[in-house]
file data_30.cif (mmCIF, C-alpha atoms)
data_protein
loop_
_atom_site.group_PDB
_atom_site.id
_atom_site.type_symbol
_atom_site.label_atom_id
_atom_site.label_comp_id
_atom_site.auth_asym_id
_atom_site.auth_seq_id
_atom_site.Cartn_x
_atom_site.Cartn_y
_atom_site.Cartn_z
ATOM 1 C CA MET A 23 0.000 0.000 0.000
ATOM 2 C CA SER A 24 1.394 3.394 -1.011
ATOM 3 C CA ASP A 25 2.327 5.870 1.707
ATOM 4 C CA THR A 26 1.560 8.826 -0.552
ATOM 5 C CA ILE A 27 -1.672 10.504 -1.535
ATOM 6 C CA SER A 28 -2.583 12.649 -4.525
ATOM 7 C CA ILE A 29 -3.673 16.221 -3.899
ATOM 8 C CA THR A 30 -3.959 19.428 -5.905
ATOM 9 C CA LEU A 31 -1.748 22.192 -4.514
ATOM 10 C CA ASN A 32 -1.978 25.755 -5.857
ATOM 11 C CA GLY A 33 -3.476 24.442 -9.090
ATOM 12 C CA GLU A 34 -0.898 21.685 -9.646
ATOM 13 C CA PRO A 35 -1.146 17.921 -8.955
ATOM 14 C CA ARG A 36 1.200 16.735 -6.217
ATOM 15 C CA GLN A 37 2.097 13.525 -4.430
ATOM 16 C CA THR A 38 2.767 13.842 -0.717
ATOM 17 C CA SER A 39 3.404 11.607 2.262
ATOM 18 C CA ALA A 40 2.296 14.336 4.671
ATOM 19 C CA THR A 41 -0.662 13.392 6.863
ATOM 20 C CA THR A 42 -1.508 16.899 8.097
ATOM 21 C CA ILE A 43 -1.583 20.309 6.493
ATOM 22 C CA ALA A 44 1.181 21.545 8.803
ATOM 23 C CA ALA A 45 3.381 18.646 7.704
ATOM 24 C CA LEU A 46 2.714 19.535 4.063
ATOM 25 C CA VAL A 47 3.647 23.163 4.705
ATOM 26 C CA ARG A 48 6.939 22.067 6.264
ATOM 27 C CA GLU A 49 7.517 19.719 3.322
ATOM 28 C CA LEU A 50 7.428 22.887 1.193
ATOM 29 C CA GLU A 51 10.099 24.390 3.512
ATOM 30 C CA LEU A 52 7.629 26.973 4.786
ATOM 31 C CA GLU A 53 6.499 27.798 8.322
ATOM 32 C CA PRO A 54 2.839 27.066 9.194
ATOM 33 C CA ALA A 55 2.724 30.272 11.250
ATOM 34 C CA LYS A 56 3.501 32.367 8.162
ATOM 35 C CA VAL A 57 0.971 31.025 5.633
ATOM 36 C CA ALA A 58 -2.774 30.909 5.079
ATOM 37 C CA VAL A 59 -4.455 27.720 3.817
ATOM 38 C CA GLU A 60 -7.680 27.026 1.974
ATOM 39 C CA ARG A 61 -8.758 23.356 1.695
ATOM 40 C CA ASN A 62 -11.559 22.414 -0.657
ATOM 41 C CA ARG A 63 -12.587 26.075 -0.824
ATOM 42 C CA GLU A 64 -12.794 26.484 2.959
ATOM 43 C CA ILE A 65 -10.292 28.416 5.092
ATOM 44 C CA VAL A 66 -8.416 26.251 7.581
ATOM 45 C CA PRO A 67 -7.683 28.299 10.740
ATOM 46 C CA ARG A 68 -3.961 28.598 11.313
ATOM 47 C CA SER A 69 -4.356 27.401 14.889
ATOM 48 C CA THR A 70 -5.658 24.037 13.614
ATOM 49 C CA LEU A 71 -3.055 23.301 10.910
ATOM 50 C CA GLU A 72 -1.101 20.883 13.104
ATOM 51 C CA ASP A 73 -4.155 18.626 13.504
ATOM 52 C CA ALA A 74 -5.889 19.226 10.160
ATOM 53 C CA PRO A 75 -5.687 15.902 8.235
ATOM 54 C CA LEU A 76 -4.895 15.579 4.547
ATOM 55 C CA ALA A 77 -7.010 13.260 2.428
ATOM 56 C CA GLU A 78 -6.785 11.800 -1.061
ATOM 57 C CA GLY A 79 -8.083 14.300 -3.615
ATOM 58 C CA ASP A 80 -7.902 17.385 -1.400
ATOM 59 C CA THR A 81 -7.481 20.680 -3.214
ATOM 60 C CA LEU A 82 -5.413 23.245 -1.342
ATOM 61 C CA GLU A 83 -4.352 26.828 -1.829
ATOM 62 C CA ILE A 84 -1.410 27.985 0.295
ATOM 63 C CA VAL A 85 -0.514 31.675 0.219
ATOM 64 C CA HIS A 86 1.798 34.090 1.998
ATOM 65 C CA PHE A 87 2.657 37.775 1.708
ATOM 66 C CA VAL A 88 5.069 39.022 -0.947
ATOM 67 C CA GLY A 89 5.828 42.468 -2.321
ATOM 68 C CA GLY A 90 2.617 43.894 -3.759
ATOM 69 C CA GLY A 91 1.888 44.599 -7.412
ATOM 70 C CA ASP A 92 3.607 43.452 -10.577
ATOM 71 C CA HIS A 93 6.708 45.593 -10.105
ATOM 72 C CA GLN A 94 9.921 43.701 -10.715
ATOM 73 C CA ALA A 95 13.044 45.022 -9.022
ATOM 74 C CA ASP A 96 15.497 46.659 -11.413
ATOM 75 C CA THR A 97 18.574 44.747 -10.301
ATOM 76 C CA TRP A 98 22.026 44.433 -11.793
ATOM 77 C CA THR A 99 24.510 41.588 -11.539
ATOM 78 C CA VAL A 100 28.293 41.493 -11.482
ATOM 79 C CA ALA A 101 30.239 38.213 -11.326
ATOM 80 C CA GLY A 102 27.211 36.365 -9.965
ATOM 81 C CA HIS A 103 26.424 38.944 -7.266
ATOM 82 C CA THR A 104 23.071 40.713 -7.670
ATOM 83 C CA PHE A 105 22.330 44.160 -6.256
ATOM 84 C CA THR A 106 19.362 46.514 -6.197
ATOM 85 C CA SER A 107 21.210 49.778 -5.554
ATOM 86 C CA ARG A 108 23.249 51.068 -8.490
ATOM 87 C CA LEU A 109 25.214 53.458 -6.307
ATOM 88 C CA ILE A 110 28.580 52.405 -4.881
ATOM 89 C CA VAL A 111 30.200 54.672 -2.326
ATOM 90 C CA GLY A 112 33.721 55.000 -0.996
ATOM 91 C CA THR A 113 34.801 55.122 2.624
ATOM 92 C CA GLY A 114 37.459 57.818 2.615
ATOM 93 C CA LYS A 115 37.524 61.518 3.543
ATOM 94 C CA TYR A 116 34.696 61.414 6.090
ATOM 95 C CA LYS A 117 35.249 63.160 9.407
ATOM 96 C CA ASP A 118 34.718 59.885 11.263
ATOM 97 C CA PHE A 119 33.332 56.382 10.892
ATOM 98 C CA GLU A 120 29.949 57.419 12.323
ATOM 99 C CA GLN A 121 29.420 59.949 9.545
ATOM 100 C CA ASN A 122 30.611 57.436 6.972
ATOM 101 C CA ALA A 123 28.122 54.836 8.190
ATOM 102 C CA ALA A 124 25.276 57.367 8.203
ATOM 103 C CA ALA A 125 26.089 58.388 4.629
ATOM 104 C CA VAL A 126 26.085 54.778 3.465
ATOM 105 C CA GLU A 127 22.703 54.283 5.108
ATOM 106 C CA ALA A 128 21.273 57.421 3.483
ATOM 107 C CA SER A 129 22.648 56.487 0.052
ATOM 108 C CA GLY A 130 21.058 53.050 0.075
ATOM 109 C CA ALA A 131 24.348 51.660 -1.263
ATOM 110 C CA GLU A 132 24.860 47.923 -0.988
ATOM 111 C CA ILE A 133 28.571 48.069 -1.883
ATOM 112 C CA VAL A 134 31.332 50.169 -0.336
ATOM 113 C CA THR A 135 34.912 50.376 -1.520
ATOM 114 C CA VAL A 136 37.511 49.876 1.185
ATOM 115 C CA ALA A 137 41.233 50.570 1.076
ATOM 116 C CA VAL A 138 43.668 47.942 2.313
ATOM 117 C CA ARG A 139 46.176 49.454 4.740
ATOM 118 C CA ARG A 140 48.677 48.188 7.276
ATOM 119 C CA VAL A 141 47.430 47.478 10.792
ATOM 120 C CA ASN A 142 48.154 50.228 13.303
ATOM 121 C CA VAL A 143 50.444 48.225 15.575
ATOM 122 C CA THR A 144 50.825 51.171 17.979
ATOM 123 C CA ASP A 145 47.081 51.190 18.702
ATOM 124 C CA PRO A 146 45.613 47.815 17.758
ATOM 125 C CA LYS A 147 42.332 48.618 19.574
ATOM 126 C CA ALA A 148 41.629 51.762 17.540
ATOM 127 C CA PRO A 149 38.143 51.837 15.950
ATOM 128 C CA MET A 150 37.844 50.041 12.611
ATOM 129 C CA LEU A 151 35.459 50.501 9.708
ATOM 130 C CA THR A 152 33.930 47.088 10.355
ATOM 131 C CA ASP A 153 32.780 48.358 13.757
ATOM 132 C CA PHE A 154 30.457 50.805 11.995
ATOM 133 C CA ILE A 155 29.646 49.269 8.575
ATOM 134 C CA ASP A 156 28.834 45.580 8.903
ATOM 135 C CA PRO A 157 30.423 43.544 6.068
ATOM 136 C CA LYS A 158 27.676 40.970 6.557
ATOM 137 C CA LYS A 159 25.081 43.557 5.544
ATOM 138 C CA VAL A 160 27.054 45.699 3.073
ATOM 139 C CA THR A 161 29.380 44.199 0.472
ATOM 140 C CA TYR A 162 32.969 45.297 0.939
ATOM 141 C CA LEU A 163 34.858 45.906 -2.303
ATOM 142 C CA PRO A 164 38.607 45.915 -1.543
ATOM 143 C CA ASN A 165 40.309 48.622 -3.544
ATOM 144 C CA THR A 166 43.929 49.078 -4.654
ATOM 145 C CA ALA A 167 43.798 52.873 -4.268
ATOM 146 C CA GLY A 168 47.327 54.266 -4.021
ATOM 147 C CA CYS A 169 48.994 51.497 -6.044
ATOM 148 C CA PHE A 170 51.193 52.706 -8.907
ATOM 149 C CA ASN A 171 52.258 49.386 -10.411
ATOM 150 C CA ALA A 172 50.735 45.998 -11.117
ATOM 151 C CA ASP A 173 52.852 44.154 -8.578
ATOM 152 C CA ASP A 174 51.719 46.322 -5.638
ATOM 153 C CA ALA A 175 48.076 46.056 -6.719
ATOM 154 C CA ILE A 176 48.257 42.256 -6.987
ATOM 155 C CA ARG A 177 49.967 41.923 -3.594
ATOM 156 C CA THR A 178 47.362 44.178 -1.998
ATOM 157 C CA LEU A 179 44.441 42.142 -3.302
ATOM 158 C CA ARG A 180 46.056 38.858 -2.324
ATOM 159 C CA LEU A 181 46.250 40.201 1.229
ATOM 160 C CA ALA A 182 42.652 41.411 1.018
ATOM 161 C CA ARG A 183 41.474 37.962 0.003
ATOM 162 C CA GLU A 184 43.395 36.413 2.859
ATOM 163 C CA ALA A 185 41.938 38.937 5.320
ATOM 164 C CA GLY A 186 38.303 38.703 4.295
ATOM 165 C CA GLY A 187 37.918 36.001 1.685
ATOM 166 C CA TRP A 188 36.979 38.519 -1.008
ATOM 167 C CA ASP A 189 37.307 37.646 -4.678
ATOM 168 C CA LEU A 190 35.156 40.493 -6.019
ATOM 169 C CA VAL A 191 37.604 43.399 -5.928
ATOM 170 C CA LYS A 192 38.214 46.827 -7.395
ATOM 171 C CA LEU A 193 41.468 47.219 -9.276
ATOM 172 C CA GLU A 194 43.083 50.548 -9.960
ATOM 173 C CA VAL A 195 46.701 51.077 -10.944
ATOM 174 C CA LEU A 196 47.580 54.760 -11.083
ATOM 175 C CA GLY A 197 49.982 56.383 -13.505
ATOM 176 C CA GLU A 198 51.132 59.369 -11.466
ATOM 177 C CA ALA A 199 50.063 61.335 -8.420
ATOM 178 C CA ARG A 200 49.030 64.649 -10.016
ATOM 179 C CA THR A 201 46.170 63.395 -12.189
ATOM 180 C CA LEU A 202 45.612 59.933 -10.672
ATOM 181 C CA TYR A 203 44.942 58.727 -14.202
ATOM 182 C CA PRO A 204 45.191 54.958 -14.629
ATOM 183 C CA ASN A 205 48.335 53.373 -16.058
ATOM 184 C CA MET A 206 46.622 51.148 -18.599
ATOM 185 C CA LYS A 207 49.642 48.955 -19.337
ATOM 186 C CA GLU A 208 50.019 48.043 -15.651
ATOM 187 C CA THR A 209 46.248 47.829 -15.216
ATOM 188 C CA LEU A 210 45.896 45.321 -18.049
ATOM 189 C CA GLU A 211 48.784 43.233 -16.717
ATOM 190 C CA ALA A 212 47.286 43.145 -13.212
ATOM 191 C CA THR A 213 43.834 42.243 -14.582
ATOM 192 C CA GLU A 214 45.231 39.230 -16.419
ATOM 193 C CA VAL A 215 47.117 37.948 -13.369
ATOM 194 C CA LEU A 216 44.211 38.468 -10.961
ATOM 195 C CA ALA A 217 41.692 36.801 -13.273
ATOM 196 C CA LYS A 218 43.948 33.733 -13.586
ATOM 197 C CA GLU A 219 44.141 33.561 -9.782
ATOM 198 C CA GLY A 220 40.369 33.463 -9.444
ATOM 199 C CA PHE A 221 39.756 37.101 -8.600
ATOM 200 C CA LYS A 222 36.808 38.948 -10.133
ATOM 201 C CA PRO A 223 38.241 42.406 -10.788
ATOM 202 C CA MET A 224 36.099 45.465 -11.381
ATOM 203 C CA VAL A 225 38.586 47.713 -13.128
ATOM 204 C CA TYR A 226 39.120 51.496 -13.058
ATOM 205 C CA CYS A 227 40.242 52.667 -16.489
ATOM 206 C CA VAL A 228 40.446 55.510 -18.980
ATOM 207 C CA ASP A 229 37.307 56.417 -20.921
ATOM 208 C CA ASP A 230 38.509 54.559 -24.015
ATOM 209 C CA PRO A 231 36.260 51.919 -25.648
ATOM 210 C CA ILE A 232 39.263 50.034 -27.080
ATOM 211 C CA ALA A 233 40.985 49.794 -23.695
ATOM 212 C CA ALA A 234 37.674 48.807 -22.104
ATOM 213 C CA LYS A 235 37.306 45.873 -24.481
ATOM 214 C CA GLN A 236 40.885 44.764 -23.825
ATOM 215 C CA LEU A 237 40.186 44.725 -20.098
ATOM 216 C CA GLU A 238 37.030 42.691 -20.599
ATOM 217 C CA ASP A 239 38.952 40.176 -22.707
ATOM 218 C CA ALA A 240 41.606 39.997 -19.965
ATOM 219 C CA GLY A 241 39.021 38.976 -17.356
ATOM 220 C CA ALA A 242 37.528 42.185 -15.944
ATOM 221 C CA VAL A 243 34.028 41.535 -14.594
ATOM 222 C CA ALA A 244 33.106 45.229 -14.749
ATOM 223 C CA ILE A 245 34.528 48.217 -16.597
ATOM 224 C CA MET A 246 34.813 51.442 -14.586
ATOM 225 C CA PRO A 247 35.852 54.370 -16.777
ATOM 226 C CA LEU A 248 36.577 57.700 -15.117
ATOM 227 C CA GLY A 249 34.209 60.560 -15.753
ATOM 228 C CA ALA A 250 36.901 63.066 -14.765
ATOM 229 C CA PRO A 251 40.009 62.931 -12.555
ATOM 230 C CA ILE A 252 39.521 61.348 -9.122
ATOM 231 C CA GLY A 253 38.256 63.865 -6.562
ATOM 232 C CA SER A 254 37.879 66.673 -9.124
ATOM 233 C CA GLY A 255 34.076 66.932 -9.074
ATOM 234 C CA LEU A 256 34.140 68.048 -12.720
ATOM 235 C CA GLY A 257 31.390 65.688 -13.848
ATOM 236 C CA ILE A 258 31.450 63.457 -16.912
ATOM 237 C CA GLN A 259 33.726 65.173 -19.397
ATOM 238 C CA ASN A 260 33.278 62.878 -22.386
ATOM 239 C CA GLN A 261 29.793 61.472 -22.697
ATOM 240 C CA VAL A 262 30.504 60.148 -26.187
ATOM 241 C CA THR A 263 33.198 57.685 -25.109
ATOM 242 C CA ILE A 264 31.269 56.558 -22.040
ATOM 243 C CA ARG A 265 28.294 55.770 -24.260
ATOM 244 C CA LEU A 266 30.535 53.859 -26.691
ATOM 245 C CA ILE A 267 31.962 51.806 -23.818
ATOM 246 C CA VAL A 268 28.432 50.970 -22.661
ATOM 247 C CA GLU A 269 27.392 49.948 -26.173
ATOM 248 C CA GLY A 270 30.417 47.709 -26.659
ATOM 249 C CA ALA A 271 30.590 46.008 -23.262
ATOM 250 C CA SER A 272 29.112 42.659 -22.290
ATOM 251 C CA VAL A 273 29.927 43.244 -18.590
ATOM 252 C CA PRO A 274 28.581 46.019 -16.340
ATOM 253 C CA VAL A 275 29.900 49.552 -16.903
ATOM 254 C CA LEU A 276 30.066 51.982 -13.978
ATOM 255 C CA VAL A 277 31.329 55.558 -14.005
ATOM 256 C CA ASP A 278 34.137 55.783 -11.468
ATOM 257 C CA ALA A 279 35.535 59.175 -10.410
ATOM 258 C CA GLY A 280 34.706 62.757 -11.269
ATOM 259 C CA VAL A 281 31.106 62.991 -10.060
ATOM 260 C CA GLY A 282 30.581 66.247 -8.176
ATOM 261 C CA THR A 283 26.841 66.573 -7.692
ATOM 262 C CA ALA A 284 23.575 64.785 -8.286
ATOM 263 C CA SER A 285 23.149 65.914 -11.894
ATOM 264 C CA ASP A 286 26.495 64.293 -12.782
ATOM 265 C CA ALA A 287 25.281 60.972 -11.420
ATOM 266 C CA ALA A 288 22.022 61.277 -13.353
ATOM 267 C CA VAL A 289 23.924 61.945 -16.589
ATOM 268 C CA GLY A 290 25.998 58.794 -16.131
ATOM 269 C CA MET A 291 22.890 56.715 -15.633
ATOM 270 C CA GLU A 292 21.127 58.331 -18.588
ATOM 271 C CA LEU A 293 24.032 57.172 -20.770
ATOM 272 C CA GLY A 294 23.110 53.595 -19.911
ATOM 273 C CA CYS A 295 25.731 52.876 -17.255
ATOM 274 C CA ASP A 296 24.900 50.120 -14.799
ATOM 275 C CA GLY A 297 25.983 52.194 -11.831
ATOM 276 C CA ILE A 298 28.029 55.052 -10.407
ATOM 277 C CA LEU A 299 30.869 54.960 -7.892
ATOM 278 C CA MET A 300 31.664 58.045 -5.846
ATOM 279 C CA ASN A 301 33.377 59.118 -2.661
ATOM 280 C CA THR A 302 34.474 62.772 -2.549
ATOM 281 C CA ALA A 303 31.175 64.132 -3.890
ATOM 282 C CA ILE A 304 29.432 62.864 -0.758
ATOM 283 C CA ALA A 305 32.229 63.034 1.825
ATOM 284 C CA GLU A 306 33.215 66.633 1.027
ATOM 285 C CA ALA A 307 29.683 68.009 0.663
ATOM 286 C CA LYS A 308 28.679 70.559 3.305
ATOM 287 C CA ASP A 309 26.009 68.087 4.386
ATOM 288 C CA PRO A 310 27.270 64.589 3.448
ATOM 289 C CA ILE A 311 24.152 62.776 4.653
ATOM 290 C CA ARG A 312 21.830 64.955 2.621
ATOM 291 C CA MET A 313 24.094 64.659 -0.425
ATOM 292 C CA ALA A 314 24.069 60.876 -0.030
ATOM 293 C CA ARG A 315 20.272 60.945 -0.239
ATOM 294 C CA ALA A 316 20.460 63.237 -3.268
ATOM 295 C CA MET A 317 22.848 60.860 -5.026
ATOM 296 C CA LYS A 318 20.538 57.932 -4.334
ATOM 297 C CA LEU A 319 17.641 59.781 -5.965
ATOM 298 C CA ALA A 320 19.796 60.987 -8.866
ATOM 299 C CA VAL A 321 20.979 57.478 -9.720
ATOM 300 C CA GLU A 322 17.418 56.176 -9.546
ATOM 301 C CA GLY A 323 16.096 59.079 -11.627
ATOM 302 C CA GLY A 324 18.808 58.745 -14.257
ATOM 303 C CA ARG A 325 18.142 55.037 -14.566
ATOM 304 C CA GLU A 326 14.404 55.643 -14.998
ATOM 305 C CA ALA A 327 15.089 58.255 -17.662
ATOM 306 C CA TYR A 328 17.381 55.860 -19.540
ATOM 307 C CA LEU A 329 14.760 53.111 -19.459
ATOM 308 C CA ALA A 330 12.037 55.551 -20.527
ATOM 309 C CA GLY A 331 14.010 56.671 -23.593
ATOM 310 C CA ARG A 332 14.555 60.386 -24.000
ATOM 311 C CA MET A 333 12.872 62.457 -26.694
ATOM 312 C CA GLY A 334 14.779 63.146 -29.870
ATOM 313 C CA ARG A 335 16.793 66.344 -30.185
ATOM 314 C CA ARG A 336 15.548 68.932 -32.670
ATOM 315 C CA LYS A 337 17.208 71.937 -34.272
ATOM 316 C CA TYR A 338 14.090 74.110 -33.941
ATOM 317 C CA ALA A 339 11.118 74.592 -31.649
ATOM 318 C CA ASP A 340 8.187 72.213 -31.748
ATOM 319 C CA PRO A 341 5.082 73.552 -29.911
ATOM 320 C CA SER A 342 3.531 71.416 -27.218
ATOM 321 C CA SER A 343 0.050 72.801 -27.957
ATOM 322 C CA PRO A 344 -1.505 72.584 -31.477
ATOM 323 C CA LEU A 345 -1.553 75.835 -33.434
ATOM 324 C CA ALA A 346 -4.781 74.918 -35.229
ATOM 325 C CA GLY A 347 -7.966 76.420 -33.804
ATOM 326 C CA LEU A 348 -6.334 79.504 -32.314
ATOM 327 C CA ILE A 349 -8.702 82.354 -31.495
#
call {"tool": "encode", "arguments": {"input": "data_30.cif", "output": "structure tokens"}}
result
Amino acid sequence: MSDTISITLNGEPRQTSATTIAALVRELELEPAKVAVERNREIVPRSTLEDAPLAEGDTLEIVHFVGGGDHQADTWTVAGHTFTSRLIVGTGKYKDFEQNAAAVEASGAEIVTVAVRRVNVTDPKAPMLTDFIDPKKVTYLPNTAGCFNADDAIRTLRLAREAGGWDLVKLEVLGEARTLYPNMKETLEATEVLAKEGFKPMVYCVDDPIAAKQLEDAGAVAIMPLGAPIGSGLGIQNQVTIRLIVEGASVPVLVDAGVGTASDAAVGMELGCDGILMNTAIAEAKDPIRMARAMKLAVEGGREAYLAGRMGRRKYADPSSPLAGLI
């Protein structure tokens, strides 16, 4: 004699060995206390689910609460990691860790870049970033800021992986201190080595579609062209090349560096970028927390505008109201 019975569950036939409705709910890896059940078109009170028997031919509907409406979250994915926020923020230049943490909260960012620095052996109990921004709740993106050759960048990220187990990392190899422009030869070399070692590098680079494609071929999981020099706040200086990088890439593209205010972030998103990374624009604002909120809204607004599709540009005026029928 079979130990299973045939039922109809949420419109689909199902075989089950459960003898009670509560047992069936647990078979579905759900909690009886968090669902509502209808059996044969009659509601089964939640308090009775443990004792409510299942019988051959029963028809059940089991429901629980989910986000309302048909809205589907506009997420983006990099190297298998999926995020809702398209804003990445840095963790430098803030007056203290408390302000930094408050800005991250206001921005809605799910990723923060973190520099890898030597331990302060003279004060090993000094406050640390992890005391204020929980790496279990916010993704840490180790960054090679301050590295001027491939070897230093690779060593830094090897240490970062050892310290925190990170393989998703941000690579930047700078050319010289005045402009902080990337050294693309060293950057490409480091990308190749890191990719072979199992890292997933998101790579800071010049706004050059050819260089961007070379980095992607070398193993970059995201391309991060500068909008303007790091910390300059000049905004996106070459929208044409950023757009070309977006059109040619098969990995995410994020503007990295140069954003000064909310309109700059919106422009980057309107070009079709997957996200924006910024630090100074928030940290050096007169009110960093308020600016963090502004950047969150700007990134969201720019993304919506990109998805909506802007109107075409015209050389001459085109009236919004019809001219026919004028008095």
call {"tool": "closest_residue", "arguments": {"input": "data_30.cif", "among": "A:Lys308, A:Gly324, A:Lys318, A:Pro67", "to": "A:Ala128", "atoms": "only C-alpha atoms"}}
result
A:Lys318
call {"tool": "atom_distance", "arguments": {"input": "data_30.cif", "atom1": "atom CA of A:Val262", "atom2": "atom CA of A:Val289"}}
result
11.8 Å
call {"tool": "residues_around", "arguments": {"input": "data_30.cif", "residues": "A:Ala316", "least_positions_apart": "5", "cutoff": "10 Å", "atoms": "only C-alpha atoms", "output": "list in words"}}
result
Ala128, Ser129, Thr283, Ala284, Ser285, Ala287, Ile304, Pro310, Ile311, Val321 and Glu322 of chain A
call {"tool": "axis_aligned_box", "arguments": {"input": "data_30.cif", "around": "stretch 221-234 of chain A", "padding_each_side": "4 Å", "output": "AutoDock Vina command-line options"}}
result
--center_x 38.5 --center_y 46.8 --center_z -17.8 --size_x 12.9 --size_y 27.3 --size_z 26.5
call {"tool": "atom_distance", "arguments": {"input": "data_30.cif", "atom1": "atom CA of A:Ala320", "atom2": "atom CA of A:Lys337"}}
result
27.8 Å
call {"tool": "decode", "arguments": {"input": "data_30.cif", "residues": "stretch 168-182 of chain A", "atoms": "N, CA and C atoms", "output": "mmCIF file, in the first residue's frame"}}
result
data_model
loop_
_atom_site.group_PDB
_atom_site.id
_atom_site.type_symbol
_atom_site.label_atom_id
_atom_site.label_comp_id
_atom_site.auth_asym_id
_atom_site.auth_seq_id
_atom_site.Cartn_x
_atom_site.Cartn_y
_atom_site.Cartn_z
ATOM 1 N N GLY A 168 45.974 53.936 -4.446
ATOM 2 C CA GLY A 168 47.327 54.266 -4.021
ATOM 3 C C GLY A 168 48.400 53.383 -4.619
ATOM 4 N N CYS A 169 48.009 52.374 -5.401
ATOM 5 C CA CYS A 169 48.994 51.497 -6.044
ATOM 6 C C CYS A 169 49.385 52.079 -7.406
ATOM 7 N N PHE A 170 50.698 52.108 -7.669
ATOM 8 C CA PHE A 170 51.193 52.706 -8.907
ATOM 9 C C PHE A 170 51.873 51.691 -9.827
ATOM 10 N N ASN A 171 51.766 50.411 -9.494
ATOM 11 C CA ASN A 171 52.258 49.386 -10.411
ATOM 12 C C ASN A 171 51.465 48.106 -10.185
ATOM 13 N N ALA A 172 51.526 47.223 -11.172
ATOM 14 C CA ALA A 172 50.735 45.998 -11.117
ATOM 15 C C ALA A 172 51.109 45.123 -9.928
ATOM 16 N N ASP A 173 52.395 45.035 -9.649
ATOM 17 C CA ASP A 173 52.852 44.154 -8.578
ATOM 18 C C ASP A 173 52.256 44.554 -7.234
ATOM 19 N N ASP A 174 52.282 45.859 -6.912
ATOM 20 C CA ASP A 174 51.719 46.322 -5.638
ATOM 21 C C ASP A 174 50.216 46.060 -5.566
ATOM 22 N N ALA A 175 49.522 46.276 -6.693
ATOM 23 C CA ALA A 175 48.076 46.056 -6.719
ATOM 24 C C ALA A 175 47.748 44.583 -6.492
ATOM 25 N N ILE A 176 48.496 43.698 -7.126
ATOM 26 C CA ILE A 176 48.257 42.256 -6.987
ATOM 27 C C ILE A 176 48.527 41.810 -5.561
ATOM 28 N N ARG A 177 49.636 42.269 -4.982
ATOM 29 C CA ARG A 177 49.967 41.923 -3.594
ATOM 30 C C ARG A 177 48.878 42.395 -2.645
ATOM 31 N N THR A 178 48.399 43.612 -2.862
ATOM 32 C CA THR A 178 47.362 44.178 -1.998
ATOM 33 C C THR A 178 46.099 43.331 -2.020
ATOM 34 N N LEU A 179 45.675 42.911 -3.203
ATOM 35 C CA LEU A 179 44.441 42.142 -3.302
ATOM 36 C C LEU A 179 44.617 40.708 -2.812
ATOM 37 N N ARG A 180 45.805 40.175 -2.924
ATOM 38 C CA ARG A 180 46.056 38.858 -2.324
ATOM 39 C C ARG A 180 45.892 38.930 -0.807
ATOM 40 N N LEU A 181 46.403 40.005 -0.209
ATOM 41 C CA LEU A 181 46.250 40.201 1.229
ATOM 42 C C LEU A 181 44.784 40.412 1.598
ATOM 43 N N ALA A 182 44.068 41.162 0.756
ATOM 44 C CA ALA A 182 42.652 41.411 1.018
ATOM 45 C C ALA A 182 41.861 40.107 1.010
#
